[in-house]
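Input: a single structure, listed below in structure tokens.
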Amino acid sequence: MKSKVLSLALCVLLAGMPAGVMAEGETNNWEALLSQAIGSVEELAAPEGTLRVQASASMNVVPDMAYVNLGMSVVKPELSQAQSEANAIMNGIIEALVALGIDETDIVTSNYNISPQRDYATGDGSTVTGYYVSNNISVTVNDFSLLDVVIDTAVQAGANEVYGMSFDVRNRSAYYRQALADAVAVGQEKAALLAD
């Protein structure tokens with residue numbers, strides 16, 4: 001396409017050139033004429049509209065922190081009993097984790113639930129037989145050598161629910177910005193290739 005437009009622009013320039021301008025051996029005029037033709041091609045081939053591309057980028061990063069999710073639950077005939085026992089057990093779990101060296105700010109309540117227990121076996125469920133109270137926490141562990149110890153300690157202190165662990169990085173936003181910049185670079189490269 002570009003060569004056809006170049007030929008067309010060159011023909012237009014030659015057609016409009018006064019007679020005698022291109023004498024034999026006058027390469028300077030020919031080079032000037034060719035330069036004008038290339039300029040005309042660039043004008044004729046100027047983009048109209050929009051070129052859209054999609055790009056993505058990803059990074060693999062070694063985690064430097066972990067979240068351990070655990071909790072406890074009790075069932076008692078009275079709500080006050082259930083709450084009192086649940087609070088006492090959870091306070092013991094937190095104290096044991098802090099004694100390991102876990103900072104209190106790295107222990108966060110993730111869920112607290114109270115549910116009445118109803119008798120469906122002998123009735124329509126309208127009779128409340130007790131109360132179920134559960135308390136779950138998320139523990140941030142920065143020292144991976146403590147992962148097993150954190151779970152063992154929590155269980156010994158009364159945790160009866162362990163939901164596993166997940167891994168993360170502290171400086172997530174910096175890695176996200178880097179991946180975003182990489183994606184933009186990939187998109188620019190794709191757009192340039194398509195435009196060419």
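Order determines the names: the first chain of the structure tokens is A, the second B, and so forth; residues in each chain are numbered 1 upward, and ligands are numbered 1 upward as they are shown.
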Write out as a JSON list (two decimals) with all heavy atoms, in the first residue's frame the set of residues from range 63-154 of chain A that DSSP, computed on the backbone, places in strand (DSSP E).
[["chain", "number", "residue", "atom", "x", "y", "z"],
["A", 65, "MET", "N", 4.95, -13.04, 53.92],
["A", 65, "MET", "CA", 4.04, -13.06, 55.06],
["A", 65, "MET", "C", 2.95, -14.09, 54.82],
["A", 65, "MET", "O", 2.70, -14.50, 53.68],
["A", 65, "MET", "CB", 3.43, -11.68, 55.30],
["A", 65, "MET", "CG", 2.61, -11.17, 54.14],
["A", 65, "MET", "SD", 2.11, -9.44, 54.30],
["A", 65, "MET", "CE", 1.12, -9.51, 55.78],
["A", 66, "ALA", "N", 2.32, -14.53, 55.91],
["A", 66, "ALA", "CA", 1.25, -15.52, 55.79],
["A", 66, "ALA", "C", 0.12, -15.15, 56.74],
["A", 66, "ALA", "O", 0.33, -14.48, 57.76],
["A", 66, "ALA", "CB", 1.78, -16.91, 56.13],
["A", 67, "TYR", "N", -1.09, -15.58, 56.39],
["A", 67, "TYR", "CA", -2.26, -15.41, 57.24],
["A", 67, "TYR", "C", -2.74, -16.79, 57.68],
["A", 67, "TYR", "O", -2.99, -17.66, 56.85],
["A", 67, "TYR", "CB", -3.39, -14.70, 56.50],
["A", 67, "TYR", "CG", -3.04, -13.33, 55.99],
["A", 67, "TYR", "CD1", -2.86, -13.10, 54.63],
["A", 67, "TYR", "CD2", -2.89, -12.25, 56.86],
["A", 67, "TYR", "CE1", -2.54, -11.85, 54.15],
["A", 67, "TYR", "CE2", -2.57, -10.99, 56.39],
["A", 67, "TYR", "CZ", -2.39, -10.80, 55.04],
["A", 67, "TYR", "OH", -2.06, -9.55, 54.58],
["A", 68, "VAL", "N", -2.83, -16.99, 58.99],
["A", 68, "VAL", "CA", -3.37, -18.23, 59.53],
["A", 68, "VAL", "C", -4.77, -17.92, 60.05],
["A", 68, "VAL", "O", -4.96, -17.02, 60.87],
["A", 68, "VAL", "CB", -2.49, -18.77, 60.68],
["A", 68, "VAL", "CG1", -3.11, -20.03, 61.26],
["A", 68, "VAL", "CG2", -1.08, -19.04, 60.18],
["A", 69, "ASN", "N", -5.76, -18.66, 59.54],
["A", 69, "ASN", "CA", -7.16, -18.42, 59.91],
["A", 69, "ASN", "C", -7.63, -19.55, 60.82],
["A", 69, "ASN", "O", -7.63, -20.72, 60.42],
["A", 69, "ASN", "CB", -8.03, -18.34, 58.65],
["A", 69, "ASN", "CG", -7.57, -17.24, 57.72],
["A", 69, "ASN", "OD1", -7.61, -16.08, 58.08],
["A", 69, "ASN", "ND2", -7.12, -17.61, 56.53],
["A", 70, "LEU", "N", -8.00, -19.17, 62.02],
["A", 70, "LEU", "CA", -8.44, -20.18, 62.99],
["A", 70, "LEU", "C", -9.50, -19.59, 63.91],
["A", 70, "LEU", "O", -9.77, -18.39, 63.89],
["A", 70, "LEU", "CB", -7.25, -20.72, 63.78],
["A", 70, "LEU", "CG", -6.25, -19.71, 64.36],
["A", 70, "LEU", "CD1", -6.70, -19.21, 65.70],
["A", 70, "LEU", "CD2", -4.88, -20.35, 64.47],
["A", 71, "GLY", "N", -10.11, -20.45, 64.71],
["A", 71, "GLY", "CA", -11.14, -19.97, 65.61],
["A", 71, "GLY", "C", -11.59, -21.04, 66.59],
["A", 71, "GLY", "O", -10.98, -22.11, 66.70],
["A", 72, "MET", "N", -12.67, -20.73, 67.27],
["A", 72, "MET", "CA", -13.24, -21.67, 68.23],
["A", 72, "MET", "C", -14.75, -21.48, 68.27],
["A", 72, "MET", "O", -15.27, -20.46, 67.87],
["A", 72, "MET", "CB", -12.63, -21.44, 69.62],
["A", 72, "MET", "CG", -12.63, -20.03, 70.15],
["A", 72, "MET", "SD", -14.24, -19.36, 70.59],
["A", 72, "MET", "CE", -14.81, -20.63, 71.68],
["A", 73, "SER", "N", -15.43, -22.52, 68.75],
["A", 73, "SER", "CA", -16.89, -22.43, 68.87],
["A", 73, "SER", "C", -17.33, -23.23, 70.09],
["A", 73, "SER", "O", -16.70, -24.22, 70.47],
["A", 73, "SER", "CB", -17.58, -22.97, 67.62],
["A", 73, "SER", "OG", -17.25, -24.31, 67.40],
["A", 74, "VAL", "N", -18.41, -22.76, 70.71],
["A", 74, "VAL", "CA", -18.99, -23.46, 71.87],
["A", 74, "VAL", "C", -20.51, -23.45, 71.74],
["A", 74, "VAL", "O", -21.08, -22.59, 71.06],
["A", 74, "VAL", "CB", -18.58, -22.78, 73.21],
["A", 74, "VAL", "CG1", -17.09, -22.87, 73.42],
["A", 74, "VAL", "CG2", -19.05, -21.34, 73.25],
["A", 75, "VAL", "N", -21.15, -24.41, 72.40],
["A", 75, "VAL", "CA", -22.61, -24.46, 72.47],
["A", 75, "VAL", "C", -22.98, -24.59, 73.94],
["A", 75, "VAL", "O", -22.50, -25.50, 74.63],
["A", 75, "VAL", "CB", -23.18, -25.65, 71.67],
["A", 75, "VAL", "CG1", -24.70, -25.70, 71.83],
["A", 75, "VAL", "CG2", -22.81, -25.55, 70.20],
["A", 76, "LYS", "N", -23.83, -23.68, 74.40],
["A", 76, "LYS", "CA", -24.27, -23.70, 75.80],
["A", 76, "LYS", "C", -25.77, -23.44, 75.85],
["A", 76, "LYS", "O", -26.35, -22.82, 74.95],
["A", 76, "LYS", "CB", -23.54, -22.61, 76.61],
["A", 76, "LYS", "CG", -22.05, -22.86, 76.79],
["A", 76, "LYS", "CD", -21.81, -24.08, 77.67],
["A", 76, "LYS", "CE", -20.33, -24.39, 77.82],
["A", 76, "LYS", "NZ", -20.09, -25.57, 78.61],
["A", 107, "ILE", "N", -3.23, -9.72, 65.02],
["A", 107, "ILE", "CA", -4.31, -10.67, 65.33],
["A", 107, "ILE", "C", -5.63, -9.90, 65.19],
["A", 107, "ILE", "O", -5.91, -8.97, 65.95],
["A", 107, "ILE", "CB", -4.16, -11.23, 66.76],
["A", 107, "ILE", "CG1", -2.79, -11.90, 66.93],
["A", 107, "ILE", "CG2", -5.28, -12.22, 67.06],
["A", 107, "ILE", "CD1", -2.47, -12.30, 68.36],
["A", 108, "VAL", "N", -6.42, -10.29, 64.19],
["A", 108, "VAL", "CA", -7.64, -9.54, 63.87],
["A", 108, "VAL", "C", -8.84, -10.48, 63.86],
["A", 108, "VAL", "O", -8.78, -11.58, 63.29],
["A", 108, "VAL", "CB", -7.51, -8.86, 62.47],
["A", 108, "VAL", "CG1", -8.77, -8.10, 62.13],
["A", 108, "VAL", "CG2", -6.30, -7.95, 62.43],
["A", 109, "THR", "N", -9.92, -10.05, 64.49],
["A", 109, "THR", "CA", -11.15, -10.84, 64.45],
["A", 109, "THR", "C", -11.72, -10.80, 63.03],
["A", 109, "THR", "O", -11.92, -9.73, 62.46],
["A", 109, "THR", "CB", -12.20, -10.28, 65.43],
["A", 109, "THR", "OG1", -11.66, -10.35, 66.76],
["A", 109, "THR", "CG2", -13.50, -11.07, 65.36],
["A", 110, "SER", "N", -11.96, -11.96, 62.45],
["A", 110, "SER", "CA", -12.49, -12.02, 61.09],
["A", 110, "SER", "C", -13.97, -12.39, 61.06],
["A", 110, "SER", "O", -14.66, -12.11, 60.09],
["A", 110, "SER", "CB", -11.69, -13.03, 60.25],
["A", 110, "SER", "OG", -11.70, -14.31, 60.86],
["A", 111, "ASN", "N", -14.45, -13.01, 62.14],
["A", 111, "ASN", "CA", -15.87, -13.37, 62.17],
["A", 111, "ASN", "C", -16.29, -13.67, 63.61],
["A", 111, "ASN", "O", -15.55, -14.27, 64.39],
["A", 111, "ASN", "CB", -16.14, -14.60, 61.29],
["A", 111, "ASN", "CG", -17.61, -14.94, 61.20],
["A", 111, "ASN", "OD1", -18.44, -14.07, 60.97],
["A", 111, "ASN", "ND2", -17.96, -16.20, 61.40],
["A", 112, "TYR", "N", -17.49, -13.22, 63.94],
["A", 112, "TYR", "CA", -18.08, -13.53, 65.26],
["A", 112, "TYR", "C", -19.54, -13.86, 65.01],
["A", 112, "TYR", "O", -20.28, -13.06, 64.42],
["A", 112, "TYR", "CB", -17.94, -12.34, 66.21],
["A", 112, "TYR", "CG", -18.33, -12.65, 67.63],
["A", 112, "TYR", "CD1", -17.39, -13.14, 68.54],
["A", 112, "TYR", "CD2", -19.63, -12.48, 68.09],
["A", 112, "TYR", "CE1", -17.72, -13.44, 69.86],
["A", 112, "TYR", "CE2", -19.98, -12.77, 69.40],
["A", 112, "TYR", "CZ", -19.03, -13.25, 70.28],
["A", 112, "TYR", "OH", -19.37, -13.54, 71.57],
["A", 113, "ASN", "N", -19.96, -15.05, 65.43],
["A", 113, "ASN", "CA", -21.30, -15.50, 65.07],
["A", 113, "ASN", "C", -22.03, -16.08, 66.29],
["A", 113, "ASN", "O", -21.45, -16.80, 67.09],
["A", 113, "ASN", "CB", -21.21, -16.56, 63.97],
["A", 113, "ASN", "CG", -22.57, -17.01, 63.49],
["A", 113, "ASN", "OD1", -23.45, -16.19, 63.22],
["A", 113, "ASN", "ND2", -22.76, -18.31, 63.40],
["A", 114, "ILE", "N", -23.32, -15.73, 66.39],
["A", 114, "ILE", "CA", -24.19, -16.30, 67.42],
["A", 114, "ILE", "C", -25.41, -16.89, 66.72],
["A", 114, "ILE", "O", -26.08, -16.20, 65.94],
["A", 114, "ILE", "CB", -24.65, -15.22, 68.43],
["A", 114, "ILE", "CG1", -23.46, -14.60, 69.15],
["A", 114, "ILE", "CG2", -25.63, -15.81, 69.44],
["A", 114, "ILE", "CD1", -23.82, -13.42, 70.03],
["A", 115, "SER", "N", -25.68, -18.16, 67.00],
["A", 115, "SER", "CA", -26.84, -18.81, 66.37],
["A", 115, "SER", "C", -27.60, -19.62, 67.42],
["A", 115, "SER", "O", -27.00, -20.41, 68.16],
["A", 115, "SER", "CB", -26.38, -19.77, 65.26],
["A", 115, "SER", "OG", -25.71, -19.08, 64.25],
["A", 116, "PRO", "N", -28.91, -19.45, 67.48],
["A", 116, "PRO", "CA", -29.71, -20.28, 68.39],
["A", 116, "PRO", "C", -29.78, -21.71, 67.85],
["A", 116, "PRO", "O", -29.86, -21.93, 66.64],
["A", 116, "PRO", "CB", -31.09, -19.61, 68.38],
["A", 116, "PRO", "CG", -31.13, -18.85, 67.10],
["A", 116, "PRO", "CD", -29.73, -18.45, 66.77],
["A", 117, "GLN", "N", -29.75, -22.66, 68.74],
["A", 117, "GLN", "CA", -29.87, -24.07, 68.38],
["A", 117, "GLN", "C", -31.31, -24.50, 68.63],
["A", 117, "GLN", "O", -31.82, -24.36, 69.74],
["A", 117, "GLN", "CB", -28.91, -24.92, 69.21],
["A", 117, "GLN", "CG", -27.45, -24.51, 69.09],
["A", 117, "GLN", "CD", -26.92, -24.68, 67.67],
["A", 117, "GLN", "OE1", -26.73, -25.80, 67.20],
["A", 117, "GLN", "NE2", -26.70, -23.56, 66.99],
["A", 118, "ARG", "N", -31.97, -25.02, 67.60],
["A", 118, "ARG", "CA", -33.39, -25.35, 67.70],
["A", 118, "ARG", "C", -33.61, -26.86, 67.63],
["A", 118, "ARG", "O", -32.84, -27.58, 67.00],
["A", 118, "ARG", "CB", -34.18, -24.65, 66.60],
["A", 118, "ARG", "CG", -34.04, -23.13, 66.68],
["A", 118, "ARG", "CD", -34.84, -22.42, 65.61],
["A", 118, "ARG", "NE", -34.67, -20.98, 65.69],
["A", 118, "ARG", "CZ", -35.33, -20.17, 66.49],
["A", 118, "ARG", "NH1", -36.24, -20.70, 67.32],
["A", 118, "ARG", "NH2", -35.11, -18.89, 66.50],
["A", 128, "VAL", "N", -35.92, -23.34, 71.40],
["A", 128, "VAL", "CA", -34.47, -23.09, 71.41],
["A", 128, "VAL", "C", -33.85, -23.94, 72.51],
["A", 128, "VAL", "O", -34.25, -23.85, 73.68],
["A", 128, "VAL", "CB", -34.16, -21.59, 71.63],
["A", 128, "VAL", "CG1", -32.66, -21.38, 71.77],
["A", 128, "VAL", "CG2", -34.73, -20.75, 70.49],
["A", 129, "THR", "N", -32.88, -24.76, 72.12],
["A", 129, "THR", "CA", -32.25, -25.66, 73.09],
["A", 129, "THR", "C", -30.88, -25.15, 73.57],
["A", 129, "THR", "O", -30.31, -25.70, 74.51],
["A", 129, "THR", "CB", -32.05, -27.05, 72.47],
["A", 129, "THR", "OG1", -31.23, -26.93, 71.29],
["A", 129, "THR", "CG2", -33.39, -27.66, 72.10],
["A", 130, "GLY", "N", -30.35, -24.15, 72.91],
["A", 130, "GLY", "CA", -29.05, -23.63, 73.30],
["A", 130, "GLY", "C", -28.57, -22.58, 72.30],
["A", 130, "GLY", "O", -29.28, -22.19, 71.38],
["A", 131, "TYR", "N", -27.35, -22.15, 72.51],
["A", 131, "TYR", "CA", -26.77, -21.11, 71.65],
["A", 131, "TYR", "C", -25.36, -21.50, 71.22],
["A", 131, "TYR", "O", -24.55, -21.96, 72.03],
["A", 131, "TYR", "CB", -26.74, -19.76, 72.37],
["A", 131, "TYR", "CG", -28.12, -19.21, 72.59],
["A", 131, "TYR", "CD1", -28.84, -19.52, 73.75],
["A", 131, "TYR", "CD2", -28.73, -18.41, 71.64],
["A", 131, "TYR", "CE1", -30.12, -19.04, 73.95],
["A", 131, "TYR", "CE2", -30.01, -17.92, 71.83],
["A", 131, "TYR", "CZ", -30.70, -18.23, 72.98],
["A", 131, "TYR", "OH", -31.97, -17.76, 73.17],
["A", 132, "TYR", "N", -25.13, -21.32, 69.94],
["A", 132, "TYR", "CA", -23.83, -21.61, 69.34],
["A", 132, "TYR", "C", -23.11, -20.27, 69.14],
["A", 132, "TYR", "O", -23.65, -19.35, 68.52],
["A", 132, "TYR", "CB", -24.03, -22.31, 67.99],
["A", 132, "TYR", "CG", -22.82, -22.41, 67.11],
["A", 132, "TYR", "CD1", -21.94, -23.49, 67.21],
["A", 132, "TYR", "CD2", -22.56, -21.44, 66.13],
["A", 132, "TYR", "CE1", -20.84, -23.59, 66.38],
["A", 132, "TYR", "CE2", -21.47, -21.54, 65.30],
["A", 132, "TYR", "CZ", -20.60, -22.62, 65.42],
["A", 132, "TYR", "OH", -19.52, -22.71, 64.60],
["A", 133, "VAL", "N", -21.91, -20.13, 69.67],
["A", 133, "VAL", "CA", -21.10, -18.92, 69.50],
["A", 133, "VAL", "C", -19.76, -19.32, 68.91],
["A", 133, "VAL", "O", -19.09, -20.23, 69.43],
["A", 133, "VAL", "CB", -20.88, -18.19, 70.85],
["A", 133, "VAL", "CG1", -19.94, -17.01, 70.68],
["A", 133, "VAL", "CG2", -22.21, -17.73, 71.42],
["A", 134, "SER", "N", -19.40, -18.66, 67.82],
["A", 134, "SER", "CA", -18.08, -18.91, 67.21],
["A", 134, "SER", "C", -17.34, -17.60, 67.04],
["A", 134, "SER", "O", -17.95, -16.54, 66.81],
["A", 134, "SER", "CB", -18.23, -19.61, 65.86],
["A", 134, "SER", "OG", -18.85, -18.76, 64.92],
["A", 135, "ASN", "N", -16.03, -17.67, 67.18],
["A", 135, "ASN", "CA", -15.18, -16.49, 67.05],
["A", 135, "ASN", "C", -13.95, -16.91, 66.23],
["A", 135, "ASN", "O", -13.25, -17.84, 66.61],
["A", 135, "ASN", "CB", -14.76, -15.99, 68.44],
["A", 135, "ASN", "CG", -14.08, -14.64, 68.38],
["A", 135, "ASN", "OD1", -13.77, -14.14, 67.31],
["A", 135, "ASN", "ND2", -13.83, -14.06, 69.54],
["A", 136, "ASN", "N", -13.75, -16.25, 65.10],
["A", 136, "ASN", "CA", -12.63, -16.57, 64.22],
["A", 136, "ASN", "C", -11.66, -15.39, 64.14],
["A", 136, "ASN", "O", -12.09, -14.23, 64.14],
["A", 136, "ASN", "CB", -13.12, -16.91, 62.81],
["A", 136, "ASN", "CG", -14.10, -18.06, 62.80],
["A", 136, "ASN", "OD1", -13.99, -18.98, 63.61],
["A", 136, "ASN", "ND2", -15.06, -18.02, 61.90],
["A", 137, "ILE", "N", -10.38, -15.72, 64.05],
["A", 137, "ILE", "CA", -9.37, -14.68, 63.94],
["A", 137, "ILE", "C", -8.44, -14.98, 62.76],
["A", 137, "ILE", "O", -8.30, -16.13, 62.33],
["A", 137, "ILE", "CB", -8.53, -14.54, 65.23],
["A", 137, "ILE", "CG1", -7.85, -15.86, 65.59],
["A", 137, "ILE", "CG2", -9.38, -14.02, 66.37],
["A", 137, "ILE", "CD1", -6.90, -15.77, 66.77],
["A", 138, "SER", "N", -7.82, -13.93, 62.25],
["A", 138, "SER", "CA", -6.79, -14.04, 61.22],
["A", 138, "SER", "C", -5.49, -13.56, 61.84],
["A", 138, "SER", "O", -5.42, -12.44, 62.35],
["A", 138, "SER", "CB", -7.15, -13.20, 59.99],
["A", 138, "SER", "OG", -6.11, -13.24, 59.04],
["A", 139, "VAL", "N", -4.47, -14.41, 61.80],
["A", 139, "VAL", "CA", -3.18, -14.09, 62.42],
["A", 139, "VAL", "C", -2.15, -13.87, 61.31],
["A", 139, "VAL", "O", -1.92, -14.77, 60.49],
["A", 139, "VAL", "CB", -2.72, -15.23, 63.35],
["A", 139, "VAL", "CG1", -1.41, -14.86, 64.04],
["A", 139, "VAL", "CG2", -3.80, -15.56, 64.37],
["A", 140, "THR", "N", -1.55, -12.69, 61.29],
["A", 140, "THR", "CA", -0.49, -12.40, 60.33],
["A", 140, "THR", "C", 0.84, -12.90, 60.90],
["A", 140, "THR", "O", 1.23, -12.50, 62.00],
["A", 140, "THR", "CB", -0.39, -10.90, 60.04],
["A", 140, "THR", "OG1", -1.66, -10.44, 59.55],
["A", 140, "THR", "CG2", 0.68, -10.60, 59.01],
["A", 141, "VAL", "N", 1.50, -13.77, 60.15],
["A", 141, "VAL", "CA", 2.78, -14.34, 60.59],
["A", 141, "VAL", "C", 3.88, -13.87, 59.64],
["A", 141, "VAL", "O", 3.83, -14.16, 58.44],
["A", 141, "VAL", "CB", 2.71, -15.88, 60.62],
["A", 141, "VAL", "CG1", 4.04, -16.46, 61.10],
["A", 141, "VAL", "CG2", 1.57, -16.35, 61.49]]
Please list as a count of residues only every residue within 12 Å of Asp143 in chain A, counting only C-alpha atoms and excluding residues in the same chain fewer than 4 positions away. 15
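Reported to one decimal place, the separation of CA of Thr153 in chain A from CA of Ala96 in chain A is 6.7 Å.
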Write out as a count of residues only all residues of range 31-188 of chain A that DSSP puts in alpha helix (DSSP H) for this structure's backbone. 63
Please list as an NGL selection string every residue within 12 Å of Asn60 in chain A, counting only C-alpha atoms and excluding residues in the same chain fewer than 6 positions away. :A and (168-169 or 172 or 175-176 or 178-179)
Correct to one decimal, the distance CA of Val53 in chain A-CA of Lys190 in chain A is 7.0 Å
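A straight line drawn from CA of Ala181 in chain A to CA of Val61 in chain A is 16.1 Å long.
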